[in-house]
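Enquirer: Okay, handing you the structure first.
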Amino acid sequence: MSTITEIVEVDVPVSTAYNQWTQFESFPEFMEGVERINQVDATHTHWVTKVGGVTREFDATITEQHPDERVAWRSDAGPDHAGVITFHRLADQKTRVTAQLTIDPEGFVENVGDKLGILDRRIKSDMERFKEFIEKRGRETGAWRGDVDHPGT
């Protein structure tokens, strides 16, 4: 199991950064290795990824979501991972976006990538591309402002 934390500051309001992050189907535009994401319903997504020539498909469940604060998820099957993205208003036009992921690499290619720090660098690059993506646009491609309470709350 690896835990990765990456932080990026984006020059957009917190609501713009959060709204864009809820548009999972746009992730392939800034996440390396993400081929496609289908939003199945308010709390379920289906992912298709390709890393090191290996294609994987898996489902994930959004376990907690609060507008302008956080989005948390866990995989249902396939590569074992979970994470949370938090959004912190720094100023009217500046937001800190923090990604915390826990990943248990599946298969030889993923394990080697993890040991060599490739996963860490990939997440860092994805966060930098998110920054470029949202700052260049200046506005989100859509939004979902619903609340999903953590199970047991």
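Residue numbering restarts at 1 for every chain of the structure tokens, chains are lettered A, B, ... in their displayed order, and ligands are numbered from 1 as they appear.
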Using only C-alpha atoms, which residues sit within 8 Å of Ala82 in chain A once same-chain residues fewer than 3 positions away are excluded, as a ChimeraX atom specification?
Expert: /A:72-75,101-103
Enquirer: Residues as selected, C-alpha atoms, written as a short mmCIF file (atom, residue, chain, number, x, y, z; two decimals), in the first residue's frame, can you do that?
Expert:
data_model
loop_
_atom_site.label_atom_id
_atom_site.label_comp_id
_atom_site.auth_asym_id
_atom_site.auth_seq_id
_atom_site.Cartn_x
_atom_site.Cartn_y
_atom_site.Cartn_z
CA ALA A 72 -13.76 11.06 -1.28
CA TRP A 73 -13.95 7.70 -3.03
CA ARG A 74 -12.89 4.08 -2.93
CA SER A 75 -12.59 1.45 -5.62
CA LEU A 101 -4.51 8.73 -2.27
CA THR A 102 -3.93 5.26 -0.92
CA ILE A 103 -3.07 2.77 -3.65
#
Enquirer: Pull the strand (DSSP E or B) assignments for chain A out of DSSP run on the backbone, and list those residues as a PDB file with C-alpha atoms, in the first residue's frame.
Expert:
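The file below, states_10.pdb, is the result:
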ATOM      1  CA  SER A   2       1.315   3.434  -0.918  1.00  0.00           C
ATOM      2  CA  THR A   3       0.012   6.771   0.284  1.00  0.00           C
ATOM      3  CA  ILE A   4       0.529   9.772  -1.958  1.00  0.00           C
ATOM      4  CA  THR A   5      -0.223  13.399  -1.107  1.00  0.00           C
ATOM      5  CA  GLU A   6       0.032  16.200  -3.654  1.00  0.00           C
ATOM      6  CA  ILE A   7      -0.961  19.841  -3.330  1.00  0.00           C
ATOM      7  CA  VAL A   8      -1.520  22.442  -6.015  1.00  0.00           C
ATOM      8  CA  GLU A   9      -2.700  26.041  -5.768  1.00  0.00           C
ATOM      9  CA  VAL A  10      -5.009  27.140  -8.557  1.00  0.00           C
ATOM     10  CA  VAL A  34      -7.155   7.704 -17.755  1.00  0.00           C
ATOM     11  CA  GLU A  35      -8.822   6.638 -20.978  1.00  0.00           C
ATOM     12  CA  ARG A  36     -12.464   7.115 -19.967  1.00  0.00           C
ATOM     13  CA  ILE A  37     -14.726   7.634 -16.967  1.00  0.00           C
ATOM     14  CA  ASN A  38     -18.466   7.089 -17.074  1.00  0.00           C
ATOM     15  CA  GLN A  39     -20.612   8.640 -14.347  1.00  0.00           C
ATOM     16  CA  VAL A  40     -23.093   5.830 -13.654  1.00  0.00           C
ATOM     17  CA  ASP A  41     -25.139   7.741 -11.056  1.00  0.00           C
ATOM     18  CA  HIS A  44     -20.784   5.561  -8.879  1.00  0.00           C
ATOM     19  CA  THR A  45     -18.211   5.826 -11.662  1.00  0.00           C
ATOM     20  CA  HIS A  46     -16.700   3.334 -14.095  1.00  0.00           C
ATOM     21  CA  TRP A  47     -13.040   3.897 -15.029  1.00  0.00           C
ATOM     22  CA  VAL A  48     -10.904   2.664 -17.923  1.00  0.00           C
ATOM     23  CA  THR A  49      -7.164   3.259 -17.432  1.00  0.00           C
ATOM     24  CA  LYS A  50      -4.064   2.349 -19.377  1.00  0.00           C
ATOM     25  CA  VAL A  51      -0.729   2.321 -17.563  1.00  0.00           C
ATOM     26  CA  VAL A  54      -1.882  -2.500 -19.357  1.00  0.00           C
ATOM     27  CA  THR A  55      -5.588  -1.620 -19.584  1.00  0.00           C
ATOM     28  CA  ARG A  56      -7.667  -1.903 -16.419  1.00  0.00           C
ATOM     29  CA  GLU A  57     -11.360  -1.293 -15.815  1.00  0.00           C
ATOM     30  CA  PHE A  58     -12.869  -0.762 -12.381  1.00  0.00           C
ATOM     31  CA  ASP A  59     -15.778   0.807 -10.571  1.00  0.00           C
ATOM     32  CA  ALA A  60     -15.494   3.365  -7.795  1.00  0.00           C
ATOM     33  CA  THR A  61     -17.947   4.707  -5.234  1.00  0.00           C
ATOM     34  CA  ILE A  62     -17.999   8.289  -3.993  1.00  0.00           C
ATOM     35  CA  THR A  63     -18.105   7.821  -0.236  1.00  0.00           C
ATOM     36  CA  GLU A  64     -18.303  11.469   0.790  1.00  0.00           C
ATOM     37  CA  GLN A  65     -18.854  14.720  -1.028  1.00  0.00           C
ATOM     38  CA  HIS A  66     -19.470  18.233   0.309  1.00  0.00           C
ATOM     39  CA  ARG A  70     -14.135  17.514  -0.323  1.00  0.00           C
ATOM     40  CA  VAL A  71     -14.728  14.541  -2.581  1.00  0.00           C
ATOM     41  CA  ALA A  72     -13.759  11.060  -1.276  1.00  0.00           C
ATOM     42  CA  TRP A  73     -13.954   7.699  -3.033  1.00  0.00           C
ATOM     43  CA  ARG A  74     -12.889   4.078  -2.935  1.00  0.00           C
ATOM     44  CA  SER A  75     -12.592   1.446  -5.622  1.00  0.00           C
ATOM     45  CA  ASP A  80      -7.435  -1.269  -4.694  1.00  0.00           C
ATOM     46  CA  HIS A  81      -7.369   2.452  -4.052  1.00  0.00           C
ATOM     47  CA  ALA A  82      -9.124   5.206  -2.133  1.00  0.00           C
ATOM     48  CA  GLY A  83      -8.651   8.908  -1.832  1.00  0.00           C
ATOM     49  CA  VAL A  84      -9.897  12.315  -0.920  1.00  0.00           C
ATOM     50  CA  ILE A  85      -9.557  15.660  -2.664  1.00  0.00           C
ATOM     51  CA  THR A  86      -9.951  18.703  -0.434  1.00  0.00           C
ATOM     52  CA  PHE A  87     -10.455  22.318  -1.427  1.00  0.00           C
ATOM     53  CA  HIS A  88      -9.296  25.256   0.695  1.00  0.00           C
ATOM     54  CA  ARG A  89     -10.112  28.884  -0.134  1.00  0.00           C
ATOM     55  CA  LEU A  90      -6.923  30.937   0.112  1.00  0.00           C
ATOM     56  CA  ALA A  91      -8.343  34.119  -1.476  1.00  0.00           C
ATOM     57  CA  LYS A  94      -6.954  31.237  -5.220  1.00  0.00           C
ATOM     58  CA  THR A  95      -7.670  27.712  -3.989  1.00  0.00           C
ATOM     59  CA  ARG A  96      -5.462  24.995  -2.526  1.00  0.00           C
ATOM     60  CA  VAL A  97      -6.390  21.557  -3.885  1.00  0.00           C
ATOM     61  CA  THR A  98      -4.959  18.617  -1.927  1.00  0.00           C
ATOM     62  CA  ALA A  99      -5.048  15.045  -3.214  1.00  0.00           C
ATOM     63  CA  GLN A 100      -4.475  12.202  -0.738  1.00  0.00           C
ATOM     64  CA  LEU A 101      -4.515   8.726  -2.275  1.00  0.00           C
ATOM     65  CA  THR A 102      -3.926   5.260  -0.918  1.00  0.00           C
ATOM     66  CA  ILE A 103      -3.074   2.769  -3.649  1.00  0.00           C
ATOM     67  CA  ASP A 104      -2.322  -0.941  -3.546  1.00  0.00           C
ATOM     68  CA  VAL A 148     -22.901  12.634  -0.008  1.00  0.00           C
TER      69      VAL A 148
END
Enquirer: Using only C-alpha atoms, which of the listed residues (A:Asp126, A:Glu135, A:Glu140, A:Asp149) sits closest to Asp11 in chain A?
Expert: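 Under the stated criterion, the closest residue is A:Glu135.
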Enquirer: Glu132 in chain A: which residues within 9 Å, counting only C-alpha atoms, same-chain residues fewer than 5 positions away excluded, as an MDAnalysis selection string?
Expert: chainID A and resid 10 30 127 137
Enquirer: Export, as an mmCIF file, in the first residue's frame, the selected residues with N, CA, C and O atoms.
Expert:
data_model
loop_
_atom_site.group_PDB
_atom_site.id
_atom_site.type_symbol
_atom_site.label_atom_id
_atom_site.label_comp_id
_atom_site.auth_asym_id
_atom_site.auth_seq_id
_atom_site.Cartn_x
_atom_site.Cartn_y
_atom_site.Cartn_z
ATOM 1 N N VAL A 10 -4.448 26.729 -7.272
ATOM 2 C CA VAL A 10 -5.009 27.140 -8.557
ATOM 3 C C VAL A 10 -5.577 28.542 -8.431
ATOM 4 O O VAL A 10 -6.132 28.912 -7.392
ATOM 5 N N PHE A 30 -6.866 15.786 -18.316
ATOM 6 C CA PHE A 30 -5.701 16.202 -17.529
ATOM 7 C C PHE A 30 -5.052 15.076 -16.729
ATOM 8 O O PHE A 30 -4.023 15.295 -16.102
ATOM 9 N N MET A 127 -1.989 16.705 -11.093
ATOM 10 C CA MET A 127 -2.433 17.888 -10.356
ATOM 11 C C MET A 127 -1.975 19.167 -11.064
ATOM 12 O O MET A 127 -2.727 20.140 -11.135
ATOM 13 N N ARG A 137 -9.140 27.561 -18.781
ATOM 14 C CA ARG A 137 -10.575 27.686 -19.050
ATOM 15 C C ARG A 137 -11.156 28.886 -18.301
ATOM 16 O O ARG A 137 -12.021 29.577 -18.815
#
Enquirer: So the first atom is CA of Gly53 in chain A and the second is CA of Glu32 in chain A; what is the distance between them in Å, to one decimal place?
Expert: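 Straight-line distance from CA of Gly53 in chain A to CA of Glu32 in chain A works out to 12.4 Å.
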Enquirer: Could you state the separation of CA of Ile134 in chain A and CA of Ala17 in chain A in Å, given to one decimal place?
Expert: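 These two atoms are separated by 7.1 Å.
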Enquirer: Going by DSSP on the backbone, which bits of range 17-145 of chain A are helix (DSSP H, G or I)? Write them as a PyMOL selection string, please.
Expert: chain A and resi 17-21+24-29+107-115+118-137
Enquirer: Do you know which residues are at most 12 Å from Arg145 in chain A counting only C-alpha atoms, after dropping those on the same chain fewer than 3 positions away, and could you put them as a compact mmCIF listing (two decimals) with N, CA, C and O atoms, in the first residue's frame?
Expert:
# COMPACT_ATOMS: atom_id res chain seq x y z
N SER A 15 -15.15 27.45 -5.54
CA SER A 15 -16.32 26.80 -6.16
C SER A 15 -16.00 26.35 -7.59
O SER A 15 -16.47 25.30 -8.03
N THR A 16 -15.18 27.10 -8.31
CA THR A 16 -14.80 26.72 -9.68
C THR A 16 -13.94 25.46 -9.65
O THR A 16 -14.17 24.53 -10.43
N TYR A 18 -13.74 23.16 -7.26
CA TYR A 18 -14.57 22.05 -6.79
C TYR A 18 -15.52 21.59 -7.88
O TYR A 18 -15.63 20.39 -8.15
N ASN A 19 -16.22 22.52 -8.51
CA ASN A 19 -17.19 22.16 -9.55
C ASN A 19 -16.52 21.36 -10.66
O ASN A 19 -17.08 20.37 -11.14
N GLN A 20 -15.32 21.79 -11.08
CA GLN A 20 -14.63 21.06 -12.13
C GLN A 20 -14.27 19.65 -11.68
O GLN A 20 -14.39 18.70 -12.45
N TRP A 21 -13.85 19.51 -10.43
CA TRP A 21 -13.46 18.18 -9.96
C TRP A 21 -14.64 17.22 -9.95
O TRP A 21 -14.47 16.02 -10.03
N THR A 22 -15.86 17.72 -9.86
CA THR A 22 -17.03 16.84 -9.87
C THR A 22 -17.38 16.37 -11.28
O THR A 22 -18.30 15.56 -11.44
N GLN A 23 -16.69 16.86 -12.28
CA GLN A 23 -16.94 16.47 -13.67
C GLN A 23 -15.98 15.36 -14.06
O GLN A 23 -15.03 15.55 -14.83
N ALA A 42 -25.15 9.29 -9.17
CA ALA A 42 -24.56 10.34 -8.33
C ALA A 42 -23.35 9.88 -7.52
O ALA A 42 -22.49 10.69 -7.19
N GLN A 65 -19.00 13.57 -0.15
CA GLN A 65 -18.85 14.72 -1.03
C GLN A 65 -19.60 15.90 -0.41
O GLN A 65 -20.77 15.78 -0.06
N HIS A 66 -18.88 17.02 -0.25
CA HIS A 66 -19.47 18.23 0.31
C HIS A 66 -18.99 19.41 -0.54
O HIS A 66 -17.78 19.62 -0.68
N PRO A 67 -19.93 20.16 -1.12
CA PRO A 67 -19.56 21.25 -2.02
C PRO A 67 -18.50 22.19 -1.44
O PRO A 67 -18.58 22.59 -0.28
N ASP A 68 -17.53 22.48 -2.28
CA ASP A 68 -16.43 23.40 -1.98
C ASP A 68 -15.51 22.92 -0.86
O ASP A 68 -14.64 23.66 -0.41
N GLU A 69 -15.66 21.65 -0.42
CA GLU A 69 -14.83 21.13 0.66
C GLU A 69 -14.07 19.87 0.29
O GLU A 69 -12.87 19.82 0.41
N ARG A 70 -14.80 18.80 -0.13
CA ARG A 70 -14.14 17.51 -0.32
C ARG A 70 -14.94 16.57 -1.20
O ARG A 70 -16.15 16.63 -1.25
N VAL A 71 -14.17 15.67 -1.84
CA VAL A 71 -14.73 14.54 -2.58
C VAL A 71 -13.86 13.34 -2.19
O VAL A 71 -12.65 13.37 -2.36
N GLY A 142 -18.85 22.10 -15.85
CA GLY A 142 -20.13 21.70 -15.27
C GLY A 142 -19.97 21.65 -13.77
O GLY A 142 -18.94 22.03 -13.23
N VAL A 148 -22.93 14.07 -0.27
CA VAL A 148 -22.90 12.63 -0.01
C VAL A 148 -22.26 12.51 1.37
O VAL A 148 -21.10 12.89 1.54
